$ cat entry.cif   # mmCIF, C-alpha atoms
data_my_file
loop_
_atom_site.label_atom_id
_atom_site.label_comp_id
_atom_site.auth_asym_id
_atom_site.auth_seq_id
_atom_site.Cartn_x
_atom_site.Cartn_y
_atom_site.Cartn_z
CA MET A 1 16.78 5.09 2.51
CA ASN A 2 13.02 5.38 1.95
CA LYS A 3 11.41 8.76 2.56
CA MET A 4 8.31 8.00 4.64
CA ILE A 5 7.33 11.67 4.85
CA ARG A 6 8.17 14.14 2.09
CA VAL A 7 7.00 17.74 2.37
CA GLU A 8 7.85 20.19 -0.41
CA ASN A 9 6.93 23.89 -0.38
CA LEU A 10 3.90 23.28 1.84
CA THR A 11 1.72 26.33 2.38
CA LYS A 12 -1.52 26.80 4.27
CA GLN A 13 -3.33 30.12 4.42
CA TYR A 14 -6.65 30.35 6.19
CA LYS A 15 -9.40 32.60 4.85
CA LYS A 16 -9.32 36.15 6.24
CA SER A 17 -5.76 35.60 7.52
CA GLU A 18 -3.12 38.10 6.46
CA LYS A 19 -0.22 35.63 6.68
CA PRO A 20 0.08 31.90 5.98
CA ALA A 21 -0.11 29.63 9.02
CA VAL A 22 2.43 27.44 7.24
CA ASP A 23 4.70 29.31 4.85
CA ASP A 24 6.47 27.34 2.09
CA ILE A 25 8.09 24.68 4.31
CA SER A 26 10.02 21.60 3.16
CA PHE A 27 11.46 18.62 5.06
CA THR A 28 11.75 14.83 4.87
CA VAL A 29 11.54 12.00 7.39
CA ASN A 30 13.27 8.71 6.67
CA GLU A 31 11.91 5.23 7.31
CA GLY A 32 12.30 4.26 10.97
CA GLU A 33 13.35 7.76 11.98
CA PHE A 34 12.29 9.41 15.24
CA PHE A 35 11.46 12.97 14.17
CA ALA A 36 10.50 15.87 16.46
CA PHE A 37 8.59 18.87 15.13
CA LEU A 38 8.91 21.64 17.72
CA GLY A 39 7.77 25.23 18.03
CA PRO A 40 5.89 27.67 20.26
CA ASN A 41 2.10 27.96 20.32
CA GLY A 42 0.79 29.30 17.03
CA ALA A 43 3.96 28.39 15.13
CA GLY A 44 2.18 26.11 12.66
CA LYS A 45 2.75 22.67 14.22
CA THR A 46 -0.86 21.55 14.49
CA THR A 47 -1.73 22.91 11.05
CA THR A 48 1.16 20.95 9.54
CA ILE A 49 0.35 17.67 11.30
CA SER A 50 -3.33 18.06 10.33
CA ILE A 51 -2.36 18.32 6.66
CA LEU A 52 0.03 15.37 6.92
CA THR A 53 -2.73 13.20 8.42
CA THR A 54 -5.35 14.20 5.80
CA THR A 55 -7.64 16.05 8.23
CA LEU A 56 -6.92 19.48 6.70
CA SER A 57 -6.46 20.57 3.10
CA LYS A 58 -3.36 22.47 2.00
CA THR A 59 -3.19 25.71 0.03
CA GLY A 60 -0.09 24.76 -1.94
CA GLY A 61 2.90 22.43 -2.17
CA GLU A 62 3.22 18.66 -2.20
CA VAL A 63 3.00 16.17 0.67
CA LYS A 64 3.55 12.43 0.37
CA ILE A 65 3.17 9.95 3.23
CA ALA A 66 4.57 6.45 2.69
CA GLY A 67 4.70 7.33 -1.00
CA PHE A 68 1.05 8.39 -1.24
CA ASP A 69 -0.25 11.89 -1.96
CA VAL A 70 -2.23 13.24 1.02
CA GLU A 71 -5.03 14.61 -1.14
CA LYS A 72 -5.17 12.32 -4.18
CA GLN A 73 -4.59 9.12 -2.17
CA ALA A 74 -5.92 10.04 1.26
CA LYS A 75 -7.40 6.58 1.91
CA GLU A 76 -4.03 4.90 1.33
CA VAL A 77 -2.33 7.46 3.57
CA ARG A 78 -4.73 6.71 6.42
CA LYS A 79 -4.05 2.97 6.13
CA ASN A 80 -0.36 3.61 6.74
CA VAL A 81 -0.55 6.01 9.68
CA GLY A 82 -1.56 5.93 13.32
CA ILE A 83 -2.47 9.17 15.07
CA ILE A 84 -2.62 10.23 18.70
CA PHE A 85 -4.29 13.61 18.63
CA GLN A 86 -3.49 16.53 20.92
CA LYS A 87 -7.07 16.65 22.16
CA PRO A 88 -8.93 13.48 23.24
CA SER A 89 -11.05 12.11 20.43
CA LEU A 90 -12.92 9.25 22.11
CA ASP A 91 -16.67 8.71 22.00
CA LEU A 92 -17.74 8.80 25.65
CA ASP A 93 -20.98 6.95 24.93
CA LEU A 94 -19.11 3.83 23.79
CA SER A 95 -17.00 1.26 25.59
CA ALA A 96 -13.22 1.21 25.24
CA GLU A 97 -13.32 -1.71 22.80
CA GLU A 98 -16.13 -0.16 20.75
CA ASN A 99 -14.02 2.95 20.24
CA ILE A 100 -11.23 0.78 18.85
CA ARG A 101 -13.58 -1.31 16.70
CA PHE A 102 -15.26 1.66 15.03
CA HIS A 103 -11.87 3.24 14.38
CA ALA A 104 -10.48 0.06 12.80
CA CYS A 105 -13.56 -0.34 10.61
CA LEU A 106 -13.60 3.32 9.62
CA TYR A 107 -10.01 3.02 8.41
CA GLY A 108 -10.89 -0.07 6.40
CA VAL A 109 -8.67 -2.40 8.42
CA TYR A 110 -11.52 -4.76 9.30
CA GLY A 111 -15.13 -5.18 8.22
CA TYR A 112 -17.63 -4.06 10.85
CA ARG A 113 -19.32 -6.57 13.16
CA PRO A 114 -21.83 -5.55 15.85
CA THR A 115 -20.01 -7.30 18.72
CA PHE A 116 -16.43 -7.97 19.78
CA LYS A 117 -16.94 -11.75 19.62
CA MET A 118 -18.11 -11.51 16.02
CA MET A 119 -15.01 -9.62 14.89
CA PRO A 120 -12.19 -11.59 13.15
CA LYS A 121 -9.80 -13.52 15.37
CA ALA A 122 -6.86 -11.36 14.25
CA TYR A 123 -8.64 -8.24 15.49
CA ARG A 124 -9.60 -9.78 18.84
CA GLU A 125 -6.09 -11.04 19.51
CA ARG A 126 -4.48 -7.74 18.49
CA VAL A 127 -6.78 -5.70 20.75
CA MET A 128 -6.17 -7.85 23.81
CA GLU A 129 -2.43 -8.08 23.14
CA LEU A 130 -2.12 -4.29 23.08
CA ALA A 131 -4.44 -3.91 26.07
CA GLU A 132 -2.24 -6.24 28.12
CA ILE A 133 0.91 -4.36 27.11
CA VAL A 134 -0.38 -0.92 28.14
CA GLY A 135 -2.11 -2.30 31.24
CA ILE A 136 -5.80 -1.70 30.59
CA ALA A 137 -7.02 -5.20 29.68
CA ASP A 138 -9.50 -5.19 32.57
CA ALA A 139 -11.10 -1.98 31.30
CA MET A 140 -11.61 -2.84 27.63
CA PHE A 141 -15.34 -3.42 27.94
CA LYS A 142 -16.08 -0.61 30.36
CA PRO A 143 -17.69 2.70 29.31
CA ILE A 144 -15.15 5.41 28.49
CA LYS A 145 -16.80 7.65 31.09
CA LYS A 146 -15.53 5.36 33.86
CA LEU A 147 -11.89 5.45 32.76
CA SER A 148 -9.32 7.87 34.15
CA GLY A 149 -7.58 10.38 31.88
CA GLY A 150 -4.44 8.23 31.84
CA MET A 151 -6.39 5.11 30.88
CA GLN A 152 -8.18 7.00 28.12
CA ARG A 153 -4.83 8.14 26.75
CA LYS A 154 -3.58 4.55 26.74
CA LEU A 155 -6.73 3.54 24.89
CA GLU A 156 -5.90 6.10 22.21
CA ILE A 157 -2.48 4.44 21.92
CA ILE A 158 -4.11 1.07 21.27
CA ARG A 159 -6.46 2.60 18.74
CA SER A 160 -3.61 4.23 16.85
CA LEU A 161 -1.61 0.97 16.70
CA ILE A 162 -4.39 -1.52 15.96
CA HIS A 163 -3.40 -1.73 12.27
CA THR A 164 0.40 -1.73 12.85
CA PRO A 165 1.00 1.58 11.05
CA LYS A 166 4.24 2.40 9.26
CA ILE A 167 4.14 5.96 10.61
CA LEU A 168 2.95 7.08 14.03
CA PHE A 169 1.97 10.73 14.49
CA LEU A 170 2.10 11.87 18.11
CA ASP A 171 0.58 15.31 18.68
CA GLU A 172 1.26 16.16 22.33
CA PRO A 173 0.79 12.48 23.29
CA THR A 174 1.43 12.88 27.04
CA GLN A 175 -0.59 16.04 27.61
CA GLY A 176 -2.52 15.70 30.86
CA LEU A 177 -0.75 12.52 32.02
CA ASP A 178 0.89 12.17 35.42
CA ALA A 179 4.62 11.41 35.61
CA VAL A 180 4.16 7.65 36.07
CA SER A 181 1.74 7.30 33.15
CA ARG A 182 3.93 9.52 31.00
CA ARG A 183 7.01 7.36 31.58
CA SER A 184 5.05 4.14 31.05
CA LEU A 185 3.67 5.44 27.78
CA TRP A 186 7.09 6.38 26.44
CA GLU A 187 8.59 3.04 27.44
CA TYR A 188 5.95 1.33 25.36
CA LEU A 189 6.21 3.71 22.38
CA ASN A 190 9.99 3.36 22.30
CA GLY A 191 9.56 -0.42 22.34
CA VAL A 192 7.17 -0.25 19.39
CA ARG A 193 9.62 1.89 17.46
CA ARG A 194 12.52 -0.48 18.09
CA GLU A 195 10.64 -3.70 17.41
CA ASN A 196 8.63 -2.65 14.35
CA GLY A 197 10.88 0.00 12.81
CA THR A 198 7.98 2.44 13.04
CA THR A 199 8.61 5.99 11.84
CA VAL A 200 7.58 8.42 14.60
CA PHE A 201 6.59 12.07 14.06
CA LEU A 202 6.34 13.89 17.40
CA THR A 203 5.11 17.32 18.41
CA THR A 204 5.44 18.18 22.09
CA HIS A 205 5.95 21.00 24.57
CA TYR A 206 7.84 18.61 26.86
CA ILE A 207 11.16 19.12 25.11
CA ASP A 208 12.88 16.39 27.15
CA GLU A 209 10.71 13.89 25.25
CA ALA A 210 12.62 14.84 22.10
CA GLU A 211 16.09 14.54 23.62
CA ASN A 212 16.85 11.23 21.87
CA VAL A 213 15.22 11.86 18.50
CA ASP A 214 17.17 11.38 15.27
CA LYS A 215 16.20 14.77 13.89
CA VAL A 216 14.60 17.90 15.33
CA CYS A 217 12.83 20.47 13.20
CA ILE A 218 11.87 23.85 14.66
CA ILE A 219 9.02 25.82 13.10
CA ASN A 220 8.40 29.44 14.06
CA HIS A 221 5.96 31.92 12.51
CA GLY A 222 5.05 29.29 9.93
CA LYS A 223 8.60 28.81 8.63
CA ILE A 224 11.24 26.15 9.24
CA ALA A 225 13.96 27.75 11.33
CA ALA A 226 16.22 24.74 11.91
CA CYS A 227 16.24 21.07 10.93
CA CYS A 228 19.10 18.90 12.20
CA SER A 229 20.12 16.40 14.87
CA PRO A 230 19.69 17.46 18.52
CA GLU A 231 23.46 17.50 18.97
CA ASP A 232 23.98 19.76 15.96
CA LEU A 233 21.34 22.14 17.30
CA LYS A 234 23.09 22.26 20.66
CA ARG A 235 26.44 23.00 19.04
CA THR A 236 25.11 25.99 17.11
CA LEU A 237 23.85 27.81 20.19
CA GLU A 238 25.82 29.26 23.08
CA PHE A 239 24.76 30.76 26.38
CA ASP A 240 27.82 33.02 26.45
CA PRO A 241 30.84 33.96 24.26
CA THR A 242 32.92 31.11 25.72
CA PRO A 243 32.88 28.21 23.23
CA ARG A 244 31.18 25.05 24.44
CA VAL A 245 31.16 21.58 22.97
CA CYS A 246 27.39 21.48 23.35
CA LEU A 247 24.61 22.73 25.55
CA PRO A 248 23.51 20.49 28.43
CA THR A 249 20.11 19.53 27.03
CA LEU A 250 17.95 19.92 23.97
CA GLU A 251 15.51 21.96 26.05
CA ASP A 252 18.30 24.43 26.88
CA ALA A 253 19.16 24.76 23.19
CA TYR A 254 15.53 25.11 22.17
CA ILE A 255 14.76 27.86 24.69
CA GLU A 256 17.97 29.68 23.87
CA TYR A 257 17.12 29.54 20.18
CA LEU A 258 13.63 30.97 20.69
CA ASN A 259 14.98 33.74 22.93
CA LYS A 260 17.59 34.73 20.35
CA THR A 261 14.99 34.69 17.59
CA LYS A 262 12.75 36.95 19.64
CA GLN A 263 15.61 39.36 20.34
CA ASN A 264 16.60 39.48 16.66
CA ASN A 265 13.01 40.20 15.63
CA GLU A 266 12.72 42.99 18.20
CA GLN A 267 16.02 44.54 17.05
CA THR A 268 14.85 44.49 13.43
CA TYR A 269 11.49 45.96 14.40
CA ASN A 270 13.08 48.80 16.37
CA ARG A 271 15.57 49.91 13.72
CA PRO A 272 15.22 53.48 12.39
CA GLY A 273 12.78 53.55 9.52
CA ASN A 274 10.66 50.69 10.82
CA SER A 275 7.19 51.85 11.81
CA ARG A 276 5.25 50.58 14.83
CA ALA A 277 2.01 51.43 13.12
#
$ encode --input "entry.cif" --output "structure tokens"
Amino acid sequence: MNKMIRVENLTKQYKKSEKPAVDDISFTVNEGEFFAFLGPNGAGKTTTISILTTTLSKTGGEVKIAGFDVEKQAKEVRKNVGIIFQKPSLDLDLSAEENIRFHACLYGVYGYRPTFKMMPKAYRERVMELAEIVGIADAMFKPIKKLSGGMQRKLEIIRSLIHTPKILFLDEPTQGLDAVSRRSLWEYLNGVRRENGTTVFLTTHYIDEAENVDKVCIINHGKIAACCSPEDLKRTLEFDPTPRVCLPTLEDAYIEYLNKTKQNNEQTYNRPGNSRA
């Protein structure tokens, strides 16, 4: 099976920082896999995804996306990935379609034309097809300022999929969406994954969104703490001494894991000989 994402001994240390934000981590993601990268705030998730998507340089290690090196072949990497960033990244002075057009041209998918009608037929059909699917076709030529937060998020979905990427990076994709928009978005993303065999790399604080992933990887304090299927993670953690087949949900297992990690760290810190200074 093809390795669409291969991370080996990745390290990132920011200047003036005493410890690495990402500390010698390694993992792989197979073609077509739904992969969740979870961890508390400050664990290293955003730093990692920024390196994987070529927006941040690494300190050490090797990262290949769709077979291309993230630093030596960054342009090829960008052609193969779609990204929905944690924070909105739309230009509010442009229309919805103009945001998509500039993105597509910037990534080298299409040559730039000053109007929608002058763009290639393939681009025009793809934009309107995606707009119909996510339900914002009527808003494609309106200024971004007039669109609701949910509509803007859907626009970012279209922008990330305009070039039919092999890998889709979702960094907190439903942040700020209401329950209806959140469900609608996931129905569409799951459809894209099934129909196109798209590899999906997800970071989220809504752990229920990762319940049906193929593999979950937990990062904490810059290090990989666990990397396995959701069911395997559930089986390794218990609420009490009574054996269980599995925990009820991935969220239960995740919270229990973080609590145990915190308790273990506190016990180590409080042992005789360890200084609080």
$ resolve_selection --input "entry.cif" --expression "the PyMOL selection byres ((chain A and resi 141) around 6)" --output "list in words"
Ser95, Ala96, Glu97, Ala139, Met140 and Lys142 of chain A
$ closest_residue --input "entry.cif" --among "A:Ile25, A:Leu90, A:Ile136, A:Leu250" --to "Phe102 of chain A" --atoms "only C-alpha atoms"
A:Leu90
$ atom_distance --input "entry.cif" --atom1 "atom CA of Ile224 of chain A" --atom2 "atom CA of Gly82 of chain A"
24.3 Å
$ closest_residue --input "entry.cif" --among "A:Ala21, A:Thr261, A:Thr28, A:Tyr188" --to "Asn41 of chain A" --atoms "all atoms listed in the file"
A:Ala21
$ resolve_selection --input "entry.cif" --expression "the PyMOL selection byres ((chain A and resi 203-213) around 6)" --output "list in words"
Phe34, Phe35, Ala36, Phe37, Leu38, Asp171, Glu172, Leu202, Asp214, Lys215, Leu250 and Glu251 of chain A
$ write_last_selection --input "entry.cif" --atoms "C-alpha atoms" --output "PDB file, keeping the file's coordinate frame"
ATOM      1  CA  PHE A  34      12.290   9.410  15.240  1.00  0.00           C
ATOM      2  CA  PHE A  35      11.460  12.970  14.170  1.00  0.00           C
ATOM      3  CA  ALA A  36      10.500  15.870  16.460  1.00  0.00           C
ATOM      4  CA  PHE A  37       8.590  18.870  15.130  1.00  0.00           C
ATOM      5  CA  LEU A  38       8.910  21.640  17.720  1.00  0.00           C
ATOM      6  CA  ASP A 171       0.580  15.310  18.680  1.00  0.00           C
ATOM      7  CA  GLU A 172       1.260  16.160  22.330  1.00  0.00           C
ATOM      8  CA  LEU A 202       6.340  13.890  17.400  1.00  0.00           C
ATOM      9  CA  ASP A 214      17.170  11.380  15.270  1.00  0.00           C
ATOM     10  CA  LYS A 215      16.200  14.770  13.890  1.00  0.00           C
ATOM     11  CA  LEU A 250      17.950  19.920  23.970  1.00  0.00           C
ATOM     12  CA  GLU A 251      15.510  21.960  26.050  1.00  0.00           C
TER      13      GLU A 251
END
$ atom_distance --input "entry.cif" --atom1 "atom CA of Thr236 of chain A" --atom2 "atom CA of Phe27 of chain A"
19.6 Å
$ atom_distance --input "entry.cif" --atom1 "atom CA of Arg6 of chain A" --atom2 "atom CA of Ala226 of chain A"
16.5 Å
$ resolve_selection --input "entry.cif" --expression "the PyMOL selection byres ((chain A and resi 200) around 7)" --output "ChimeraX atom specification"
/A:33-35,167-169,198-199,201-202
$ residues_around --input "entry.cif" --residues "Gly222 of chain A" --least-positions-apart "4" --cutoff "7 Å" --atoms "all atoms listed in the file" --output "PDB file with C-alpha atoms, keeping the file's coordinate frame"
ATOM      1  CA  PRO A  20       0.080  31.900   5.980  1.00  0.00           C
ATOM      2  CA  ALA A  21      -0.110  29.630   9.020  1.00  0.00           C
ATOM      3  CA  VAL A  22       2.430  27.440   7.240  1.00  0.00           C
ATOM      4  CA  ASP A  23       4.700  29.310   4.850  1.00  0.00           C
ATOM      5  CA  ALA A  43       3.960  28.390  15.130  1.00  0.00           C
ATOM      6  CA  GLY A  44       2.180  26.110  12.660  1.00  0.00           C
TER       7      GLY A  44
END
$ decode --input "entry.cif" --residues "segment 30-43 of chain A" --atoms "N, CA and C atoms" --output "short mmCIF file (atom, residue, chain, number, x, y, z; two decimals), in the first residue's frame"
data_model
loop_
_atom_site.label_atom_id
_atom_site.label_comp_id
_atom_site.auth_asym_id
_atom_site.auth_seq_id
_atom_site.Cartn_x
_atom_site.Cartn_y
_atom_site.Cartn_z
N ASN A 30 -1.41 5.80 5.06
CA ASN A 30 -1.55 5.08 3.81
C ASN A 30 -2.52 5.76 2.86
N GLU A 31 -2.43 5.41 1.60
CA GLU A 31 -3.32 5.94 0.58
C GLU A 31 -4.78 5.60 0.91
N GLY A 32 -5.65 6.61 0.87
CA GLY A 32 -7.06 6.42 1.14
C GLY A 32 -7.42 6.32 2.61
N GLU A 33 -6.44 6.45 3.49
CA GLU A 33 -6.69 6.30 4.92
C GLU A 33 -7.29 7.57 5.52
N PHE A 34 -8.15 7.37 6.51
CA PHE A 34 -8.70 8.47 7.29
C PHE A 34 -7.93 8.49 8.61
N PHE A 35 -7.10 9.52 8.79
CA PHE A 35 -6.12 9.58 9.86
C PHE A 35 -6.42 10.77 10.76
N ALA A 36 -6.51 10.54 12.07
CA ALA A 36 -6.77 11.61 13.02
C ALA A 36 -5.52 11.88 13.86
N PHE A 37 -5.14 13.14 13.95
CA PHE A 37 -3.97 13.57 14.71
C PHE A 37 -4.49 14.41 15.86
N LEU A 38 -4.53 13.82 17.06
CA LEU A 38 -5.18 14.45 18.20
C LEU A 38 -4.18 14.85 19.28
N GLY A 39 -4.58 15.81 20.10
CA GLY A 39 -3.75 16.23 21.21
C GLY A 39 -4.29 17.51 21.82
N PRO A 40 -3.91 17.81 23.06
CA PRO A 40 -4.37 19.04 23.71
C PRO A 40 -3.74 20.27 23.08
N ASN A 41 -4.21 21.44 23.46
CA ASN A 41 -3.61 22.69 22.97
C ASN A 41 -2.13 22.73 23.32
N GLY A 42 -1.31 23.15 22.37
CA GLY A 42 0.11 23.26 22.62
C GLY A 42 0.88 21.96 22.50
N ALA A 43 0.20 20.89 22.04
CA ALA A 43 0.85 19.58 21.96
C ALA A 43 1.79 19.45 20.78
#
